[in-house]
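Just target-v2.tsv here, TSV, C-alpha atoms and all ligand atoms:
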chain	number	residue	atom	x	y	z
A	1	MET	CA	17.65	17.74	-4.96
A	2	LEU	CA	14.12	17.40	-6.35
A	3	VAL	CA	12.97	14.08	-7.76
A	4	ALA	CA	9.61	12.61	-8.74
A	5	GLY	CA	7.84	9.31	-9.19
A	6	CYS	CA	5.07	8.98	-11.78
A	7	ASP	CA	2.76	5.95	-11.58
A	8	ILE	CA	0.40	5.58	-14.52
A	9	GLY	CA	-2.19	2.91	-13.67
A	10	SER	CA	-5.31	1.68	-15.40
A	11	THR	CA	-7.62	3.92	-13.36
A	12	THR	CA	-5.51	6.78	-12.03
A	13	GLY	CA	-2.23	8.58	-12.61
A	14	LYS	CA	-0.20	9.46	-9.51
A	15	VAL	CA	2.81	11.72	-9.02
A	16	THR	CA	4.86	12.41	-5.91
A	17	ILE	CA	7.59	15.03	-5.79
A	18	MET	CA	10.28	14.54	-3.15
A	19	ALA	CA	12.87	16.84	-1.64
A	20	ASP	CA	15.33	15.43	0.89
A	21	ASP	CA	13.35	12.21	1.28
A	22	GLN	CA	10.14	14.11	2.09
A	23	ILE	CA	7.08	14.33	-0.14
A	24	ILE	CA	6.49	17.99	-0.93
A	25	ALA	CA	3.66	17.55	-3.46
A	26	HIS	CA	1.48	14.84	-4.91
A	27	SER	CA	-1.42	14.32	-7.27
A	28	ILE	CA	-3.95	11.63	-8.14
A	29	VAL	CA	-5.86	12.13	-11.41
A	30	PRO	CA	-8.28	9.91	-13.35
A	31	THR	CA	-6.70	8.30	-16.40
A	32	GLU	CA	-7.11	9.76	-19.86
A	33	PRO	CA	-7.38	7.51	-22.93
A	34	LEU	CA	-3.68	8.25	-23.65
A	35	CYS	CA	-1.22	7.44	-20.86
A	36	GLU	CA	0.95	10.32	-22.01
A	37	ASP	CA	-1.88	12.79	-21.30
A	38	THR	CA	-2.50	11.24	-17.87
A	39	ALA	CA	1.20	11.62	-17.05
A	40	HIS	CA	1.25	15.30	-18.10
A	41	LYS	CA	-1.91	16.04	-16.11
A	42	ALA	CA	-0.66	14.32	-12.96
A	43	MET	CA	2.76	15.99	-13.16
A	44	SER	CA	1.32	19.47	-13.87
A	45	GLN	CA	-0.96	19.22	-10.83
A	46	ALA	CA	1.85	18.15	-8.52
A	47	LEU	CA	4.20	20.86	-9.87
A	48	ALA	CA	1.50	23.52	-9.41
A	49	GLN	CA	0.92	22.35	-5.83
A	50	ALA	CA	4.62	22.84	-5.03
A	51	GLY	CA	4.97	26.05	-7.10
A	52	LEU	CA	7.60	24.40	-9.29
A	53	ALA	CA	8.44	24.37	-13.00
A	54	PRO	CA	9.10	21.05	-14.82
A	55	GLU	CA	12.83	21.81	-15.09
A	56	ASP	CA	13.10	22.10	-11.28
A	57	VAL	CA	12.70	18.33	-10.99
A	58	GLU	CA	16.04	16.70	-11.72
A	59	TYR	CA	15.08	13.06	-12.15
A	60	VAL	CA	11.77	11.26	-12.76
A	61	VAL	CA	11.16	7.52	-12.58
A	62	GLY	CA	8.05	6.12	-14.23
A	63	THR	CA	6.10	3.08	-13.11
A	64	GLY	CA	2.68	1.47	-13.60
A	65	TYR	CA	1.24	-0.12	-16.67
A	66	GLY	CA	1.75	3.08	-18.69
A	67	ARG	CA	5.35	3.58	-17.55
A	68	LEU	CA	6.93	3.07	-20.98
A	69	VAL	CA	5.17	6.07	-22.53
A	70	ILE	CA	5.76	8.71	-19.84
A	71	PRO	CA	7.52	11.36	-21.92
A	72	PHE	CA	9.44	13.04	-19.10
A	73	ALA	CA	10.66	9.92	-17.23
A	74	GLN	CA	14.42	9.26	-17.38
A	75	ALA	CA	14.01	5.66	-16.22
A	76	THR	CA	11.33	3.09	-15.48
A	77	VAL	CA	10.94	0.56	-12.67
A	78	THR	CA	8.24	-2.13	-12.33
A	79	GLU	CA	5.19	-1.48	-10.13
A	80	ILE	CA	6.12	-4.48	-8.00
A	81	SER	CA	9.50	-2.99	-7.06
A	82	CYS	CA	8.00	0.49	-6.65
A	83	HIS	CA	5.17	-0.60	-4.32
A	84	GLY	CA	7.73	-2.58	-2.33
A	85	MET	CA	10.08	0.40	-2.07
A	86	GLY	CA	7.26	2.89	-1.38
A	87	ALA	CA	5.96	0.77	1.49
A	88	PHE	CA	9.50	0.34	2.85
A	89	TRP	CA	10.02	4.11	2.72
A	90	ALA	CA	6.76	4.65	4.61
A	91	ASP	CA	7.66	2.10	7.29
A	92	PRO	CA	10.92	0.09	7.13
A	93	ALA	CA	9.34	-2.65	9.28
A	94	ILE	CA	6.86	-3.56	6.50
A	95	ARG	CA	7.56	-6.95	4.88
A	96	THR	CA	4.32	-7.76	3.01
A	97	ILE	CA	2.42	-5.53	0.60
A	98	MET	CA	-0.91	-6.13	-1.10
A	99	ASP	CA	-1.31	-3.74	-3.98
A	100	ILE	CA	-4.92	-3.58	-5.12
A	101	GLY	CA	-5.38	-1.33	-8.09
A	102	GLY	CA	-7.91	-0.87	-10.83
A	103	GLN	CA	-7.08	-3.87	-13.01
A	104	ASP	CA	-4.82	-6.21	-11.08
A	105	CYS	CA	-3.72	-7.15	-7.60
A	106	LYS	CA	-0.34	-8.21	-6.34
A	107	ALA	CA	1.06	-9.72	-3.17
A	108	ILE	CA	4.67	-8.71	-2.59
A	109	ARG	CA	7.16	-9.71	0.08
A	110	ILE	CA	10.22	-7.53	0.66
A	111	ASP	CA	13.41	-7.92	2.69
A	112	GLU	CA	14.97	-5.63	5.30
A	113	GLU	CA	16.25	-3.31	2.56
A	114	GLY	CA	12.98	-2.99	0.65
A	115	ARG	CA	14.00	-5.44	-2.11
A	116	VAL	CA	11.36	-7.78	-3.56
A	117	VAL	CA	11.95	-11.40	-2.53
A	118	GLU	CA	8.63	-12.93	-3.64
A	119	PHE	CA	5.48	-11.88	-5.44
A	120	ALA	CA	2.22	-13.24	-6.83
A	121	MET	CA	-0.12	-11.47	-9.19
A	122	ASN	CA	-3.63	-11.68	-10.60
A	123	ASP	CA	-3.94	-9.78	-13.86
A	124	LYS	CA	-5.98	-12.32	-15.80
A	125	CYS	CA	-9.44	-10.99	-14.98
A	126	ALA	CA	-11.19	-8.27	-12.99
A	127	ALA	CA	-12.05	-10.56	-10.05
A	128	GLY	CA	-10.11	-9.34	-7.01
A	129	THR	CA	-9.44	-5.89	-8.43
A	130	GLY	CA	-10.77	-2.36	-8.13
A	131	ARG	CA	-12.63	-2.87	-11.40
A	132	PHE	CA	-14.78	-5.56	-9.73
A	133	LEU	CA	-15.67	-3.05	-7.00
A	134	GLU	CA	-16.46	-0.35	-9.54
A	135	GLU	CA	-18.76	-2.58	-11.59
A	136	THR	CA	-20.60	-4.08	-8.64
A	137	ALA	CA	-20.99	-0.61	-7.06
A	138	ARG	CA	-22.59	0.49	-10.31
A	139	GLY	CA	-24.99	-2.47	-10.11
A	140	LEU	CA	-25.84	-1.38	-6.58
A	141	GLY	CA	-26.38	2.24	-7.72
A	142	VAL	CA	-23.68	3.67	-5.42
A	143	GLU	CA	-20.22	5.17	-5.87
A	144	VAL	CA	-17.21	2.88	-5.38
A	145	TRP	CA	-16.03	4.97	-2.38
A	146	ASP	CA	-19.42	4.35	-0.67
A	147	LEU	CA	-18.94	0.56	-0.55
A	148	GLY	CA	-16.79	0.69	2.60
A	149	PRO	CA	-19.09	2.95	4.68
A	150	ILE	CA	-22.27	1.18	3.49
A	151	SER	CA	-20.89	-2.28	4.30
A	152	GLY	CA	-19.97	-0.97	7.77
A	153	GLU	CA	-23.74	-0.82	8.51
A	154	ALA	CA	-24.34	-4.48	7.57
A	155	GLN	CA	-25.91	-6.89	10.07
A	156	GLU	CA	-25.16	-9.80	7.76
A	157	THR	CA	-23.13	-10.58	4.62
A	158	ILE	CA	-24.73	-11.82	1.43
A	159	LYS	CA	-22.09	-13.97	-0.23
A	160	LEU	CA	-21.85	-13.40	-3.99
A	161	SER	CA	-21.68	-16.53	-6.10
A	162	SER	CA	-20.09	-14.82	-9.14
A	163	SER	CA	-16.44	-13.83	-9.13
A	164	CYS	CA	-16.63	-12.51	-12.70
A	165	SER	CA	-17.29	-8.77	-12.47
A	166	VAL	CA	-19.81	-8.85	-15.35
A	167	PHE	CA	-21.91	-11.60	-13.74
A	168	ALA	CA	-21.46	-10.13	-10.26
A	169	GLU	CA	-22.89	-6.78	-11.42
A	170	THR	CA	-26.01	-8.59	-12.67
A	171	GLU	CA	-26.18	-10.69	-9.48
A	172	VAL	CA	-26.03	-7.55	-7.36
A	173	MET	CA	-28.87	-5.96	-9.35
A	174	THR	CA	-30.95	-9.13	-8.95
A	175	LEU	CA	-30.38	-9.16	-5.18
A	176	LEU	CA	-31.33	-5.49	-4.95
A	177	ASN	CA	-34.53	-6.12	-6.91
A	178	GLU	CA	-35.38	-9.03	-4.60
A	179	GLY	CA	-35.41	-6.46	-1.77
A	180	LYS	CA	-32.20	-7.66	-0.11
A	181	ASP	CA	-30.45	-5.24	2.26
A	182	ILE	CA	-28.02	-2.98	0.39
A	183	ALA	CA	-25.52	-3.01	3.26
A	184	ALA	CA	-25.47	-6.82	3.30
A	185	ILE	CA	-24.86	-6.88	-0.47
A	186	ALA	CA	-22.05	-4.29	-0.14
A	187	ALA	CA	-20.51	-6.44	2.60
A	188	GLY	CA	-20.67	-9.43	0.25
A	189	ILE	CA	-18.91	-7.45	-2.50
A	190	ASN	CA	-16.11	-6.39	-0.15
A	191	GLN	CA	-15.76	-9.90	1.26
A	192	SER	CA	-15.40	-11.32	-2.24
A	193	ILE	CA	-12.34	-9.10	-2.78
A	194	ALA	CA	-10.97	-9.73	0.72
A	195	SER	CA	-11.18	-13.49	0.21
A	196	ARG	CA	-9.32	-13.42	-3.14
A	197	LEU	CA	-6.60	-11.16	-1.81
A	198	SER	CA	-6.09	-13.16	1.34
A	199	ALA	CA	-5.61	-16.29	-0.79
A	200	LEU	CA	-3.15	-14.45	-3.05
A	201	VAL	CA	-1.05	-13.10	-0.18
A	202	ARG	CA	-0.87	-16.53	1.47
A	203	ARG	CA	0.95	-17.71	-1.67
A	204	VAL	CA	3.90	-15.42	-0.90
A	205	GLY	CA	3.68	-15.87	2.88
A	206	VAL	CA	2.38	-13.28	5.33
A	207	ALA	CA	5.28	-11.66	7.16
A	208	GLU	CA	4.41	-8.72	9.41
A	209	LYS	CA	4.15	-5.78	9.12
A	210	VAL	CA	1.55	-5.93	6.36
A	211	VAL	CA	0.15	-3.03	4.35
A	212	ILE	CA	-2.38	-2.51	1.57
A	213	SER	CA	-1.35	-0.14	-1.20
A	214	GLY	CA	-3.38	1.06	-4.18
A	215	GLY	CA	-6.77	2.74	-4.29
A	216	VAL	CA	-8.66	-0.16	-2.70
A	217	SER	CA	-6.76	0.58	0.54
A	218	LYS	CA	-9.42	3.33	0.96
A	219	ASN	CA	-12.22	0.76	1.18
A	220	GLY	CA	-12.56	0.06	4.93
A	221	GLY	CA	-14.78	-2.97	4.26
A	222	VAL	CA	-12.06	-4.73	2.23
A	223	VAL	CA	-9.40	-3.75	4.80
A	224	ARG	CA	-11.45	-5.19	7.71
A	225	GLY	CA	-12.21	-8.34	5.71
A	226	ILE	CA	-8.51	-8.97	5.01
A	227	GLU	CA	-7.57	-8.31	8.63
A	228	GLN	CA	-10.13	-10.86	9.82
A	229	ARG	CA	-9.08	-13.49	7.30
A	230	LEU	CA	-5.33	-13.12	7.85
A	231	GLY	CA	-5.56	-12.45	11.58
A	232	VAL	CA	-3.26	-9.41	11.34
A	233	SER	CA	-3.70	-5.67	11.81
A	234	LEU	CA	-2.81	-3.85	8.62
A	235	THR	CA	-0.31	-1.04	9.03
A	236	HIS	CA	-1.46	2.55	8.56
A	237	VAL	CA	1.25	4.42	6.71
A	238	ARG	CA	2.10	8.11	6.86
A	239	VAL	CA	1.02	8.77	3.25
A	240	ASP	CA	-2.07	8.02	1.19
A	241	ALA	CA	-1.47	4.32	0.38
A	242	GLN	CA	-2.78	4.87	-3.17
A	243	LEU	CA	0.46	6.82	-3.73
A	244	LEU	CA	2.91	4.14	-2.59
A	245	GLY	CA	3.89	3.11	-6.14
A	246	ALA	CA	4.68	6.72	-7.04
A	247	VAL	CA	6.54	7.14	-3.74
A	248	GLY	CA	8.68	4.07	-4.51
A	249	ALA	CA	9.40	5.46	-7.98
A	250	ALA	CA	10.53	8.76	-6.41
A	251	VAL	CA	12.84	6.85	-4.03
A	252	PHE	CA	14.37	5.04	-7.04
A	253	ALA	CA	14.73	8.44	-8.76
A	254	LYS	CA	16.59	9.78	-5.74
A	255	ARG	CA	18.96	6.79	-5.77
A	256	ALA	CA	19.57	7.09	-9.53
A	257	LEU	CA	20.37	10.77	-9.17
A	258	ALA	CA	22.73	10.14	-6.26
A	259	LYS	CA	24.50	7.43	-8.31
A	260	ARG	CA	24.78	9.78	-11.28
A	261	SER	CA	26.37	12.52	-9.18
A	262	ARG	CA	28.79	10.03	-7.54
A	263	LEU	CA	29.87	8.89	-11.02
A	264	GLY	CA	30.26	12.52	-12.10
A	265	GLU	CA	32.44	13.26	-9.07
A	266	ARG	CA	34.62	10.22	-9.76
A	267	ARG	CA	35.07	11.22	-13.40
A	268	ALA	CA	35.96	14.77	-12.36
A	269	ALA	CA	38.48	13.42	-9.81
A	270	ARG	CA	40.03	11.15	-12.48
A	271	ARG	CA	40.31	14.09	-14.89
A	272	ALA	CA	41.88	16.25	-12.17
A	273	GLY	CA	44.35	13.42	-11.37
A	274	ALA	CA	45.30	13.14	-15.04
A	275	VAL	CA	46.22	16.83	-15.29
B	301	LIG	P1	-4.39	1.84	-10.73
B	301	LIG	O1	-3.03	2.13	-10.14
B	301	LIG	O2	-4.50	0.47	-11.33
B	301	LIG	O3	-4.85	2.93	-11.65
B	301	LIG	P2	-5.47	2.62	-8.16
B	301	LIG	O4	-4.42	2.12	-7.22
B	301	LIG	O5	-5.52	4.08	-8.40
B	301	LIG	O6	-5.42	1.81	-9.51
B	301	LIG	O7	-6.87	2.09	-7.59
B	301	LIG	C1	-8.08	2.30	-8.28
B	301	LIG	C2	-9.17	1.60	-7.50
B	301	LIG	O8	-9.20	2.09	-6.16
B	301	LIG	C3	-10.56	1.85	-8.04
B	301	LIG	O9	-10.90	0.86	-8.95
B	301	LIG	C4	-11.44	1.79	-6.78
B	301	LIG	O10	-11.92	0.47	-6.60
B	301	LIG	C5	-10.51	2.11	-5.64
B	301	LIG	N1	-10.70	3.43	-5.02
B	301	LIG	C6	-10.18	4.60	-5.43
B	301	LIG	N2	-10.55	5.60	-4.60
B	301	LIG	C7	-11.31	5.04	-3.65
B	301	LIG	C8	-11.99	5.55	-2.49
B	301	LIG	N3	-11.96	6.84	-2.16
B	301	LIG	N4	-12.68	4.67	-1.72
B	301	LIG	C9	-12.72	3.36	-2.03
B	301	LIG	N5	-12.10	2.83	-3.11
B	301	LIG	C10	-11.41	3.64	-3.90

Structure re-expressed in C-alpha cells:
Amino acid sequence: MLVAGCDIGSTTGKVTIMADDQIIAHSIVPTEPLCEDTAHKAMSQALAQAGLAPEDVEYVVGTGYGRLVIPFAQATVTEISCHGMGAFWADPAIRTIMDIGGQDCKAIRIDEEGRVVEFAMNDKCAAGTGRFLEETARGLGVEVWDLGPISGEAQETIKLSSSCSVFAETEVMTLLNEGKDIAAIAAGINQSIASRLSALVRRVGVAEKVVISGGVSKNGGVVRGIEQRLGVSLTHVRVDAQLLGAVGAAVFAKRALAKRSRLGERRAARRAGAV
C-alpha cells in the first residue's frame, strides 16, 4: 500500500511517499509561482527517487497553504492537523509542536493519539516566521542557512528593536555599516524569532516532549534560543523536521485508504450475504 503526503507551503513544496508506515522517498523543492507546478515538481522528484510511477501511489493527501489546488490529491487536511500527526508519527511521546515555516508560525498541542487539542497561530505579519530570517539574512549579506552557524560564534547578542521584517532588514544593514560584529547581529536575529515563538507556544501550554517542525528547525540558533527560553530540550525526530507536515498528510492518506478498503470489504460481504 503506497500513499503520499504533499505539503505546499509559501516557500517550499514537500512530498513524502510511505509504504507500510515507513518513508521510502521524499522531496523538498522551492515553490513556483503556481502551487500546482510546485506540487507536480515535488511529487515527480519523490517518485523518481523511489523509482515509481504516479499510478503506483494509491492515495494522496494534500496540506499547506496551497493544498486546495494540488491536482492529484484525493483529500486535504489542514497543516495544523498534519504537523500534529507527523510529529506524533515521528515520536508518539511528543505533545507540543512549533511549526515555523516561511510565512507563519503555529504552536500546536496534541493528545496521546496525535489529535490537536489546542493551537495558536501568527499569520498576520512576517515577524516570527522564516520570511523574517530570509529578509534579515539578506540585509546581513548571508544565506538564511548560515544564520545558525554564524550566530554560534557570537560572544554577545545585539537585540533588534524592529520586529517588522522590512524595518529589521534596514536595521541589520545599519548595524553592519556601524562595524558591529556580524555574529552578534545574527544572534540578535535568531533571538528575535526565538522570543516570539516562545511567547506563542506558552499560549497553548508547553507539554513535553516538544519539537520544532518546518524549515526553521534547521536553524540551530533559533532552536537553542527556544530551548533556553522554555527551559526544555527540543526532541530530535527521526526525519527531517521540515517534512513533518507532509509526513502527517501521508499518515492521513494511509488511514483514508484503510477506511476505504474496510468499507469496500463490508459492501462486498453485504452483497455476498444478499445472494
Ligand atoms: P513553508 O512550509 O511555509 O513553505 P518551510 O517549512 O519550508 O516553509 O520553511 C521555510 C523556511 O525555513 C525558510 O524561510 C527559512 O527561514 C528556513 N530554512 C529552510 N532551510 C533552512 C536551512 N537549511 N537552514 C536554516 N533555515 C532554513

Pick out the closest residue to Gly130 in chain A from this set: A:Asp104, A:Glu118, A:Glu143, A:Glu169. Count only C-alpha atoms. A:Asp104

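In this model, the gap between atom C9 of ligand LIG 301 (chain B) and CA of Thr78 in chain A comes to 24.0 Å.
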
Return as a ChimeraX atom specification the residues of protein, DNA or RNA that approach ligand LIG 301 (chain B) to within 8 Å, with only C-alpha atoms and all ligand atoms taken into account. /A:7-14,28,30-31,64-65,99-104,129-134,144-148,213-220,242-243

Using only C-alpha atoms, find each residue of range 140-211 of chain A with at least one atom at most 6 Å away from an atom of range 226-237 of chain A; report its shortest atom-to-atom pair and that distance in Å (one decimal), sort the rows by chain and rising residue number, and return the result as JSON lines.
{"residue": "A:Ala194", "atom": "CA", "partner": "A:Ile226", "partner_atom": "CA", "distance": 5.0}
{"residue": "A:Val210", "atom": "CA", "partner": "A:Leu234", "partner_atom": "CA", "distance": 5.3}
{"residue": "A:Val211", "atom": "CA", "partner": "A:Thr235", "partner_atom": "CA", "distance": 5.1}

Dig up all the protein and nucleic acid residues within 12 Å of (2.0, -16.0, -1.1) in the file frame, using all atoms listed in the file, and format them as an MDAnalysis selection string. chainID A and resid 96:98 106:110 117:122 196:207 230

At a cut-off of 9 Å, using all atoms listed in the file, what residues contact Thr16 in chain A? Leave out same-chain residues fewer than 3 positions from it and give the result as a PyMOL selection string. chain A and resi 3-7+23-27+43+46+243+246-247+249-250

Nearby residues (all atoms listed in the file) at most 10 Å from Gln155 in chain A, same-chain spacing under 5 positions excluded, as a list in words: Asp181, Ala183, Ala184 and Ala187 of chain A

Smallest atom-to-atom distance to Gly139 in chain A: which of A:Leu175, A:Cys125, A:Leu244, A:Ile158, using all atoms listed in the file?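 Once distances to Gly139 in chain A are computed over all atoms listed in the file, the minimum belongs to A:Leu175.
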
Given the choices A:Ala53, A:Val116, A:Ala19, A:Ala272, which gets closest to Gly86 in chain A if the distance is worked out from only C-alpha atoms?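 Checking each of A:Ala53, A:Val116, A:Ala19, A:Ala272 against Gly86 in chain A, counting only C-alpha atoms, the winner is A:Val116.
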
Extract, using all atoms listed in the file, all DNA, RNA and protein residues at most 9 Å from range 254-270 of chain A, discarding same-chain residues fewer than 4 positions from it, and format them as JSON, numbers by chain. {"A": [1, 2, 3, 4, 18, 19, 20, 21, 58, 59, 60, 61, 75, 249, 250, 274, 275]}

File dump, residues just selected, C-alpha atoms, as a JSON list (two decimals), in the frame of the given file:
[["chain", "number", "residue", "atom", "x", "y", "z"],
["A", 1, "MET", "CA", 17.65, 17.74, -4.96],
["A", 2, "LEU", "CA", 14.12, 17.40, -6.35],
["A", 3, "VAL", "CA", 12.97, 14.08, -7.76],
["A", 4, "ALA", "CA", 9.61, 12.61, -8.74],
["A", 18, "MET", "CA", 10.28, 14.54, -3.15],
["A", 19, "ALA", "CA", 12.87, 16.84, -1.64],
["A", 20, "ASP", "CA", 15.33, 15.43, 0.89],
["A", 21, "ASP", "CA", 13.35, 12.21, 1.28],
["A", 58, "GLU", "CA", 16.04, 16.70, -11.72],
["A", 59, "TYR", "CA", 15.08, 13.06, -12.15],
["A", 60, "VAL", "CA", 11.77, 11.26, -12.76],
["A", 61, "VAL", "CA", 11.16, 7.52, -12.58],
["A", 75, "ALA", "CA", 14.01, 5.66, -16.22],
["A", 249, "ALA", "CA", 9.40, 5.46, -7.98],
["A", 250, "ALA", "CA", 10.53, 8.76, -6.41],
["A", 274, "ALA", "CA", 45.30, 13.14, -15.04],
["A", 275, "VAL", "CA", 46.22, 16.83, -15.29]]

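Put simply, CA of Gly179 in chain A is 17.6 Å away from CA of Ser161 in chain A.
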